[in-house]
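Visitor: Could you have a look at this structure, given as structure tokens, before my questions?
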Amino acid sequence: MTKQLVFIHGRSQQHKDSIALKAEWIDAFEKGLAKNNLPMPVTESDIRFPYYGQTLFDLVDGADNGDAADIIVRGTAQDDAQKAFFQAVFEELRERENIDETKLQAVAGAEVVQRGPLEWEWLQGILKAVDTYVPGASGASIALATSDVYQYMKNQVIHKTINDGVRKAITPGVQTVVVSHSLGTVVAYNLLNKDVQAKEWEIPLFVTLGSPLGVKAIRKTVRPIAHPACAVKWFNAMDERDIVALYPLDDDRFDVDPSIENKTDVDNPTPNRHGISGYLSDADVAAKIYAALTT
């Protein structure tokens with residue numbers, strides 16, 4: 001039997017046709033292959049695309065992106081644990097992007113800065129500062145991505161529903177390259193590292209693209225940190241301007257054995273530098289996936 005390829009998507013995929021979405025991923029991968037003069041190494045029937053975008057949307061009350069982001073940014077309907085998670089992620093974002101108190105005061109006001117980071121207005125200010133000071137970035141997108149990771153890790157209904165769907169895409173005993181993006185990297189890592197069926201999986205290469213796993217608050221939710229035993233190699237790629245993927249998965253941020261191979265110079269032309277098409281069409285990313293499927 002030939003090797004199989006599993007694509008695990010990220011957030012904001014609701015109201016989309018899963019067949020068309022799979023075709024978009026394949027098209028982007030083919031563009032990356034073409035840059036290396038390489039053919040598609042597997043047939044379409046050997047490419048699996050577990051689609052959970054609508055399920056995630058429905059399980060988080062079905063608010064469209066704009067409405068959901070507005071709810072998050074206003075700081076309403078959040079429990080204390082979720083608020084603490086947001087505070088940790090946004091503060092790490094603020095530090096990495098050098099959003100000091102002067103910049104924060106300019107967009108949020110002196111009173112907010114004086115009250116300090118335990119207030120929702122402070123967190124809202126960080127997102128406004130991202131919109132103002134980080135070229136091409138979106139504070140709302142950061143809020144949504146952070147919320148989705150939290151919901152996946154903490155809401156057991158969402159967690160189980162997504163895991164059940166993705167698990168079925170990996171065939172025990174079949175060499176399978178797993179390529180994941182954004183929230184999908186958290187889902188994929190969680191399954192490969194912790195799922196009881198993972199011991200039956202054979203993963204020559206695990207690929208994470210635009211992954212937030214290096215963010216401290218997110219890293220804490222997926223502990224214990226380890227190189228999934230079922231994966232022979234792990235390749236991580238990011239555009240350094242992608243503020244969903246704040247950090248590479250290196251020995252400082254994701255210390256595992258064997259170490260993860262990181263590529264940090266992807267030139268992702270999509271909005272927020274985060275879109276999957278800008279990652280899969282990268283020549284080096286495509287070549288890595290090709291090699292794992294053909295050797």
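Residues in the structure tokens are named by chain (A, B, ... in the order shown) and by number from 1 within that chain; ligands are numbered from 1 in the order shown.
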Write out as an MDAnalysis selection string the residues lying within 10 Å of Gln87 in chain A, counting only C-alpha atoms and excluding same-chain residues fewer than 2 positions away.
Guide: chainID A and resid 81:85 89:93 117:120 122:123 217
Visitor: Find the residues near range 197-209 of chain A: any atom within 8 Å, counting only C-alpha atoms, skip ones fewer than 5 places away on the same chain, and give them as a ChimeraX atom specification.
Guide: /A:170-182,185,191-192,229-238,276,279,289,292
Visitor: Of the candidates A:Leu21, A:Leu144, A:Leu280, A:Ala286, which one gets nearest to Pro50 in chain A if we count only C-alpha atoms?
Guide: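 Smallest separation from Pro50 in chain A among the options: A:Leu21.
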Visitor: Can you pull out every residue within 9 Å of Val256 in chain A, counting only C-alpha atoms, but drop anything in the same chain fewer than 4 positions away, and send it as a ChimeraX atom specification?
Guide: /A:225-227,250-251,260
Visitor: Assign secondary structure with DSSP using the backbone only, and return the residues of range 59-236 of chain A in strand (DSSP E or B) as a PyMOL selection string.
Guide: chain A and resi 175-181+202-209+231-236
Visitor: Would you mind telling me which residue in A:Thr102, A:Val187, A:Lys31, A:Lys216 lies nearest to Ile158 in chain A when using only C-alpha atoms?
Guide: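 Nearest to Ile158 in chain A: A:Val187.
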Visitor: Using DSSP secondary structure from the backbone, list all alpha helix (DSSP H) positions within range 106-154 of chain A, as an MDAnalysis selection string.
Guide: chainID A and resid 106:108 110:115 120:133 139:154
Visitor: I'd like a table as a tab-separated table: residues in range 198-288 of chain A with an atom no more than 10 Å from range 34-39 of chain A, each row giving the shortest atom pair and its distance in Å to one decimal, only C-alpha atoms counted, sorted by chain and rising residue number.
Guide:
```
residue	atom	partner	partner_atom	distance
A:Ser281	CA	A:Lys35	CA	8.3
A:Asp282	CA	A:Lys35	CA	8.1
A:Ala283	CA	A:Lys35	CA	5.7
A:Asp284	CA	A:Asn36	CA	8.5
A:Ala286	CA	A:Asn36	CA	8.3
A:Ala287	CA	A:Asn36	CA	7.1
```
Visitor: Would you write out those residues with N, CA and C atoms, as a compact mmCIF listing (two decimals), in the first residue's frame?
Guide:
```txt
# COMPACT_ATOMS: atom_id res chain seq x y z
N SER A 281 2.63 26.26 -0.21
CA SER A 281 3.24 26.61 -1.49
C SER A 281 4.72 26.96 -1.35
N ASP A 282 5.24 26.97 -0.14
CA ASP A 282 6.67 27.22 0.07
C ASP A 282 7.46 26.02 -0.48
N ALA A 283 8.50 26.30 -1.21
CA ALA A 283 9.27 25.24 -1.87
C ALA A 283 9.87 24.25 -0.88
N ASP A 284 10.44 24.75 0.21
CA ASP A 284 11.08 23.87 1.19
C ASP A 284 10.06 23.01 1.92
N ALA A 286 7.09 22.05 0.78
CA ALA A 286 6.60 21.04 -0.16
C ALA A 286 7.63 19.94 -0.37
N ALA A 287 8.91 20.31 -0.45
CA ALA A 287 9.96 19.32 -0.68
C ALA A 287 10.08 18.36 0.50
```
Visitor: Using only C-alpha atoms for the distances, tell me which of A:Ser45, A:Asn272, A:Gln151, A:Thr294 is nearest to Val244 in chain A.
Guide: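 Using only C-alpha atoms, the shortest distance to Val244 in chain A belongs to A:Asn272.
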Visitor: What does the distance between CA of Gly109 in chain A and CA of Gly125 in chain A come to in Å, to one decimal place?
Guide: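 So the two atoms, CA of Gly109 in chain A and CA of Gly125 in chain A, lie 8.5 Å apart.
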Visitor: Provide the CA of Glu101 in chain A to CA of Ser141 in chain A distance in Å, to one decimal place.
Guide: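 Computing the Euclidean distance for CA of Glu101 in chain A and CA of Ser141 in chain A yields 22.2 Å.
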Visitor: Nearest to Val107 in chain A: which of A:Tyr189, A:Tyr51, A:Phe254, A:Tyr133 is it, counting only C-alpha atoms?
Guide: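 Ranked by minimum distance to Val107 in chain A, first place goes to A:Tyr133.
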